[in-house]
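A quick write-up on the structure given underneath.
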Amino acid sequence: MKRSLLGILLTVLSALAQTHTYQVTDLGVLPAQQDSIALGINASGTVVGRSGSRAFVYTNCQMYDLGLLPGGSSAIANAINNQSVVAGQAVGPDSLTHAVSWQDNSIHLLQPGNTYQSQAVAISSPGKIVGYEFNGLFAFGTA
């Protein structure tokens with residue numbers, strides 16, 4: 001009886017120990033930038049992140065610059081949903097970090113006119129963006 005249970009246990013364990021394979025892809029960098037880091041991916045394999053001081057989207061083996069706020073100096077893309085809406089942050093002309101989204105080749109300031117520093121860190125399938133604001137003393141979760 002002990003051998004029978006041990007045989008069944010080993011069979012179950014070997015079935016659970018499946019081999020997974022992974023593929024590593026060098027995304028490259030945007031022109032005039034020195035490095036890149038991937039921060040988000042959607043179900044179709046589109047990747048977002050930052051290359052140097054610029055936010056990017058990587059799709060079909062090509063990296064694209066998402067753009068900056070007018071007068072801004074840098075941006076980071078943190079997340080992308082399956083509708084290709086991107087959430088992140090960008091430094092504006094006021095030198096503060098603002099939560100932004102990118103959609104249809106344009107950048108959108110979230111909570112315009114707000115003097116808090118903010119970042120968008122995730123986005124749901126329907127497009128709900130979450131992140132946080134910082135007023136110098138406290139951080140506030142936002143949605």
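Letters A, B, ... go to the chains of the structure tokens in the order shown; residues in each chain start at 1; ligands are counted from 1 in the same order.
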Counting only C-alpha atoms, what are the residues of range 93-131 of chain A within 12 Å of range 42-45 of chain A, and for each of them which pair of atoms is the nearest and at what distance in Å, to one decimal? Sort the table by chain and rising number, as a tab-separated table.
residue	atom	partner	partner_atom	distance
A:Ala122	CA	A:Asn42	CA	11.4
A:Ile123	CA	A:Asn42	CA	10.3
A:Ser124	CA	A:Asn42	CA	10.3
A:Ser125	CA	A:Asn42	CA	9.5
Please build the interface table for range 24-68 of chain A against range 98-105 of chain A with a cut-off of 12 Å, listing for each qualifying residue the nearest atom pair and the distance in Å to one decimal; count only C-alpha atoms, order rows by chain and increasing number, and write it as JSON lines.
{"residue": "A:Val48", "atom": "CA", "partner": "A:Trp102", "partner_atom": "CA", "distance": 11.0}
{"residue": "A:Ala55", "atom": "CA", "partner": "A:Trp102", "partner_atom": "CA", "distance": 9.9}
{"residue": "A:Phe56", "atom": "CA", "partner": "A:Trp102", "partner_atom": "CA", "distance": 10.3}
{"residue": "A:Val57", "atom": "CA", "partner": "A:Trp102", "partner_atom": "CA", "distance": 10.1}
{"residue": "A:Tyr64", "atom": "CA", "partner": "A:Asn105", "partner_atom": "CA", "distance": 10.2}
{"residue": "A:Asp65", "atom": "CA", "partner": "A:Asn105", "partner_atom": "CA", "distance": 9.7}
{"residue": "A:Leu66", "atom": "CA", "partner": "A:Asn105", "partner_atom": "CA", "distance": 7.1}
{"residue": "A:Gly67", "atom": "CA", "partner": "A:Asn105", "partner_atom": "CA", "distance": 8.4}
{"residue": "A:Leu68", "atom": "CA", "partner": "A:Val100", "partner_atom": "CA", "distance": 9.7}
Based on the selection just made, write C-alpha atoms of those residues as an mmCIF file, in the first residue's frame.
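File produced: result23.cif:
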data_model
loop_
_atom_site.group_PDB
_atom_site.id
_atom_site.type_symbol
_atom_site.label_atom_id
_atom_site.label_comp_id
_atom_site.auth_asym_id
_atom_site.auth_seq_id
_atom_site.Cartn_x
_atom_site.Cartn_y
_atom_site.Cartn_z
ATOM 1 C CA VAL A 48 5.778 50.347 -21.776
ATOM 2 C CA ALA A 55 8.363 57.308 -21.815
ATOM 3 C CA PHE A 56 8.048 54.629 -24.492
ATOM 4 C CA VAL A 57 5.754 52.012 -25.921
ATOM 5 C CA TYR A 64 8.161 54.655 -29.871
ATOM 6 C CA ASP A 65 8.529 57.850 -27.814
ATOM 7 C CA LEU A 66 5.220 58.722 -26.130
ATOM 8 C CA GLY A 67 6.050 62.418 -25.798
ATOM 9 C CA LEU A 68 6.203 64.983 -23.010
#
task = With a distance cut-off of 12 Å and only C-alpha atoms, select the neighbouring residues of range 90-96 of chain A, excluding the residue or stretch itself and same-chain residues fewer than 5 positions from it, and output the selection as a PyMOL selection string.
result = chain A and resi 50+53-55+66-78+101-102+107-110+112-120+133-136
Residues just named, written with C-alpha atoms as a PDB file, in the first residue's frame:
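What ended up in again04.pdb:
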ATOM      1  CA  ARG A  50      11.166  54.576 -19.864  1.00  0.00           C
ATOM      2  CA  SER A  53      14.203  60.492 -19.608  1.00  0.00           C
ATOM      3  CA  ARG A  54      11.440  59.535 -22.071  1.00  0.00           C
ATOM      4  CA  ALA A  55       8.363  57.308 -21.815  1.00  0.00           C
ATOM      5  CA  LEU A  66       5.220  58.722 -26.130  1.00  0.00           C
ATOM      6  CA  GLY A  67       6.050  62.418 -25.798  1.00  0.00           C
ATOM      7  CA  LEU A  68       6.203  64.983 -23.010  1.00  0.00           C
ATOM      8  CA  LEU A  69       3.901  67.548 -21.459  1.00  0.00           C
ATOM      9  CA  PRO A  70       4.289  70.909 -23.274  1.00  0.00           C
ATOM     10  CA  GLY A  71       7.409  72.507 -21.790  1.00  0.00           C
ATOM     11  CA  GLY A  72       8.128  69.336 -19.807  1.00  0.00           C
ATOM     12  CA  SER A  73      11.441  67.576 -19.371  1.00  0.00           C
ATOM     13  CA  SER A  74      10.818  63.855 -18.748  1.00  0.00           C
ATOM     14  CA  ALA A  75       8.195  61.107 -18.581  1.00  0.00           C
ATOM     15  CA  ILE A  76       7.754  57.487 -17.482  1.00  0.00           C
ATOM     16  CA  ALA A  77       5.108  55.007 -18.652  1.00  0.00           C
ATOM     17  CA  ASN A  78       4.149  52.607 -15.848  1.00  0.00           C
ATOM     18  CA  SER A 101      -2.107  59.137 -19.568  1.00  0.00           C
ATOM     19  CA  TRP A 102      -1.348  58.648 -23.243  1.00  0.00           C
ATOM     20  CA  ILE A 107      -0.545  62.995 -23.617  1.00  0.00           C
ATOM     21  CA  HIS A 108      -3.294  63.920 -21.142  1.00  0.00           C
ATOM     22  CA  LEU A 109      -2.674  65.602 -17.798  1.00  0.00           C
ATOM     23  CA  LEU A 110      -4.739  63.928 -15.080  1.00  0.00           C
ATOM     24  CA  PRO A 112      -5.302  69.518 -14.421  1.00  0.00           C
ATOM     25  CA  GLY A 113      -4.577  72.535 -12.251  1.00  0.00           C
ATOM     26  CA  ASN A 114      -3.657  70.432  -9.239  1.00  0.00           C
ATOM     27  CA  THR A 115      -0.481  71.578  -7.481  1.00  0.00           C
ATOM     28  CA  TYR A 116       0.195  68.176  -5.913  1.00  0.00           C
ATOM     29  CA  GLN A 117       2.937  66.009  -7.311  1.00  0.00           C
ATOM     30  CA  SER A 118       1.285  62.862  -8.606  1.00  0.00           C
ATOM     31  CA  GLN A 119       1.918  59.598 -10.415  1.00  0.00           C
ATOM     32  CA  ALA A 120      -0.344  57.130 -12.208  1.00  0.00           C
ATOM     33  CA  GLU A 133      -0.581  62.414  -4.970  1.00  0.00           C
ATOM     34  CA  PHE A 134       1.974  63.961  -2.640  1.00  0.00           C
ATOM     35  CA  ASN A 135       1.580  67.394  -1.083  1.00  0.00           C
ATOM     36  CA  GLY A 136       4.988  67.581   0.617  1.00  0.00           C
TER      37      GLY A 136
END
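Distances to Ala38 in chain A were evaluated for A:Ile80, A:Thr19, A:Asn60, A:Gly131 using only C-alpha atoms, and the minimum falls at A:Ile80.
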request  = as number ranges by chain, please: all residues of range 40-111 of chain A that backbone DSSP puts in strand (DSSP E).
outcome  = A: 40-41, 47-51, 54-59, 62-65, 74-80, 86-91, 97-103, 106-109
Taking N, CA and C atoms for each residue, export the selection above as a CSV table (one decimal), in the first residue's frame.
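out09.csv was written with the following content:
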chain,number,residue,atom,x,y,z
A,40,GLY,N,5.7,47.8,-17.8
A,40,GLY,CA,4.4,47.3,-17.9
A,40,GLY,C,4.2,46.5,-19.2
A,41,ILE,N,3.2,45.6,-19.3
A,41,ILE,CA,2.9,44.9,-20.5
A,41,ILE,C,1.4,44.5,-20.5
A,47,VAL,N,4.7,46.6,-24.6
A,47,VAL,CA,5.4,46.9,-23.4
A,47,VAL,C,5.6,48.4,-23.3
A,48,VAL,N,5.5,48.9,-22.0
A,48,VAL,CA,5.8,50.3,-21.8
A,48,VAL,C,6.9,50.5,-20.7
A,49,GLY,N,7.5,51.7,-20.7
A,49,GLY,CA,8.5,51.9,-19.7
A,49,GLY,C,9.1,53.3,-19.9
A,50,ARG,N,10.4,53.3,-19.6
A,50,ARG,CA,11.2,54.6,-19.9
A,50,ARG,C,12.5,54.2,-20.5
A,51,SER,N,12.9,55.1,-21.4
A,51,SER,CA,14.2,55.0,-22.0
A,51,SER,C,14.9,56.4,-21.8
A,54,ARG,N,12.6,59.5,-21.2
A,54,ARG,CA,11.4,59.5,-22.1
A,54,ARG,C,10.6,58.3,-21.8
A,55,ALA,N,9.3,58.4,-21.9
A,55,ALA,CA,8.4,57.3,-21.8
A,55,ALA,C,8.3,56.7,-23.2
A,56,PHE,N,8.2,55.3,-23.2
A,56,PHE,CA,8.0,54.6,-24.5
A,56,PHE,C,7.0,53.6,-24.5
A,57,VAL,N,6.6,53.2,-25.7
A,57,VAL,CA,5.8,52.0,-25.9
A,57,VAL,C,6.5,51.2,-26.9
A,58,TYR,N,6.6,49.9,-26.7
A,58,TYR,CA,7.3,48.9,-27.6
A,58,TYR,C,6.3,48.0,-28.1
A,59,THR,N,6.1,48.0,-29.5
A,59,THR,CA,5.2,47.1,-30.1
A,59,THR,C,5.7,46.7,-31.5
A,62,GLN,N,9.4,47.5,-32.3
A,62,GLN,CA,9.8,48.9,-32.5
A,62,GLN,C,9.4,49.7,-31.2
A,63,MET,N,10.4,50.5,-30.8
A,63,MET,CA,10.2,51.4,-29.6
A,63,MET,C,9.7,52.8,-30.1
A,64,TYR,N,8.7,53.3,-29.5
A,64,TYR,CA,8.2,54.7,-29.9
A,64,TYR,C,8.1,55.6,-28.7
A,65,ASP,N,8.6,56.8,-28.8
A,65,ASP,CA,8.5,57.9,-27.8
A,65,ASP,C,7.1,58.3,-27.6
A,74,SER,N,10.7,65.3,-18.8
A,74,SER,CA,10.8,63.9,-18.7
A,74,SER,C,9.5,63.2,-18.5
A,75,ALA,N,9.4,61.9,-18.8
A,75,ALA,CA,8.2,61.1,-18.6
A,75,ALA,C,8.5,59.6,-18.4
A,76,ILE,N,7.6,58.9,-17.7
A,76,ILE,CA,7.8,57.5,-17.5
A,76,ILE,C,6.4,56.9,-17.7
A,77,ALA,N,6.3,55.8,-18.5
A,77,ALA,CA,5.1,55.0,-18.7
A,77,ALA,C,5.2,53.8,-17.7
A,78,ASN,N,4.2,53.7,-16.9
A,78,ASN,CA,4.1,52.6,-15.8
A,78,ASN,C,3.3,51.4,-16.2
A,79,ALA,N,2.2,51.6,-17.0
A,79,ALA,CA,1.2,50.6,-17.2
A,79,ALA,C,0.5,50.8,-18.5
A,80,ILE,N,0.0,49.7,-19.1
A,80,ILE,CA,-0.8,49.8,-20.3
A,80,ILE,C,-1.9,48.8,-20.2
A,86,VAL,N,-2.1,54.2,-21.8
A,86,VAL,CA,-1.0,54.1,-21.0
A,86,VAL,C,-1.1,55.1,-19.8
A,87,ALA,N,-0.7,54.6,-18.7
A,87,ALA,CA,-0.7,55.5,-17.5
A,87,ALA,C,0.8,55.7,-17.0
A,88,GLY,N,1.1,56.9,-16.5
A,88,GLY,CA,2.4,57.2,-16.0
A,88,GLY,C,2.5,58.5,-15.4
A,89,GLN,N,3.7,59.1,-15.5
A,89,GLN,CA,3.9,60.4,-15.0
A,89,GLN,C,4.9,61.2,-15.9
A,90,ALA,N,4.8,62.5,-15.8
A,90,ALA,CA,5.6,63.4,-16.6
A,90,ALA,C,5.9,64.6,-15.8
A,91,VAL,N,7.2,65.1,-15.9
A,91,VAL,CA,7.6,66.4,-15.3
A,91,VAL,C,7.1,67.5,-16.2
A,97,THR,N,6.2,66.7,-10.8
A,97,THR,CA,5.8,65.4,-11.5
A,97,THR,C,4.2,65.3,-11.4
A,98,HIS,N,3.6,65.0,-12.6
A,98,HIS,CA,2.2,65.0,-12.7
A,98,HIS,C,1.7,63.6,-13.3
A,99,ALA,N,0.6,63.1,-12.8
A,99,ALA,CA,0.1,61.9,-13.3
A,99,ALA,C,-0.5,62.2,-14.7
A,100,VAL,N,-0.2,61.3,-15.7
A,100,VAL,CA,-0.6,61.5,-17.1
A,100,VAL,C,-1.1,60.2,-17.6
A,101,SER,N,-1.8,60.3,-18.8
A,101,SER,CA,-2.1,59.1,-19.6
A,101,SER,C,-1.8,59.5,-21.0
A,102,TRP,N,-1.6,58.5,-21.8
A,102,TRP,CA,-1.3,58.6,-23.2
A,102,TRP,C,-2.4,57.8,-24.0
A,103,GLN,N,-3.0,58.4,-24.9
A,103,GLN,CA,-4.0,57.7,-25.7
A,103,GLN,C,-4.1,58.4,-27.1
A,106,SER,N,-1.4,61.1,-28.0
A,106,SER,CA,-1.4,62.4,-27.3
A,106,SER,C,-1.3,62.1,-25.8
A,107,ILE,N,-0.7,63.1,-25.1
A,107,ILE,CA,-0.5,63.0,-23.6
A,107,ILE,C,-1.7,63.8,-23.0
A,108,HIS,N,-2.2,63.3,-21.9
A,108,HIS,CA,-3.3,63.9,-21.1
A,108,HIS,C,-2.9,64.1,-19.7
A,109,LEU,N,-3.0,65.3,-19.2
A,109,LEU,CA,-2.7,65.6,-17.8
A,109,LEU,C,-3.9,65.2,-17.0
inquiry  = Could you tell me how far CA of Thr46 in chain A sits from CA of Ala32 in chain A, in Å to one decimal place?
reply    =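 If I compute the distance from CA of Ala32 in chain A to CA of Thr46 in chain A, I get 22.3 Å.
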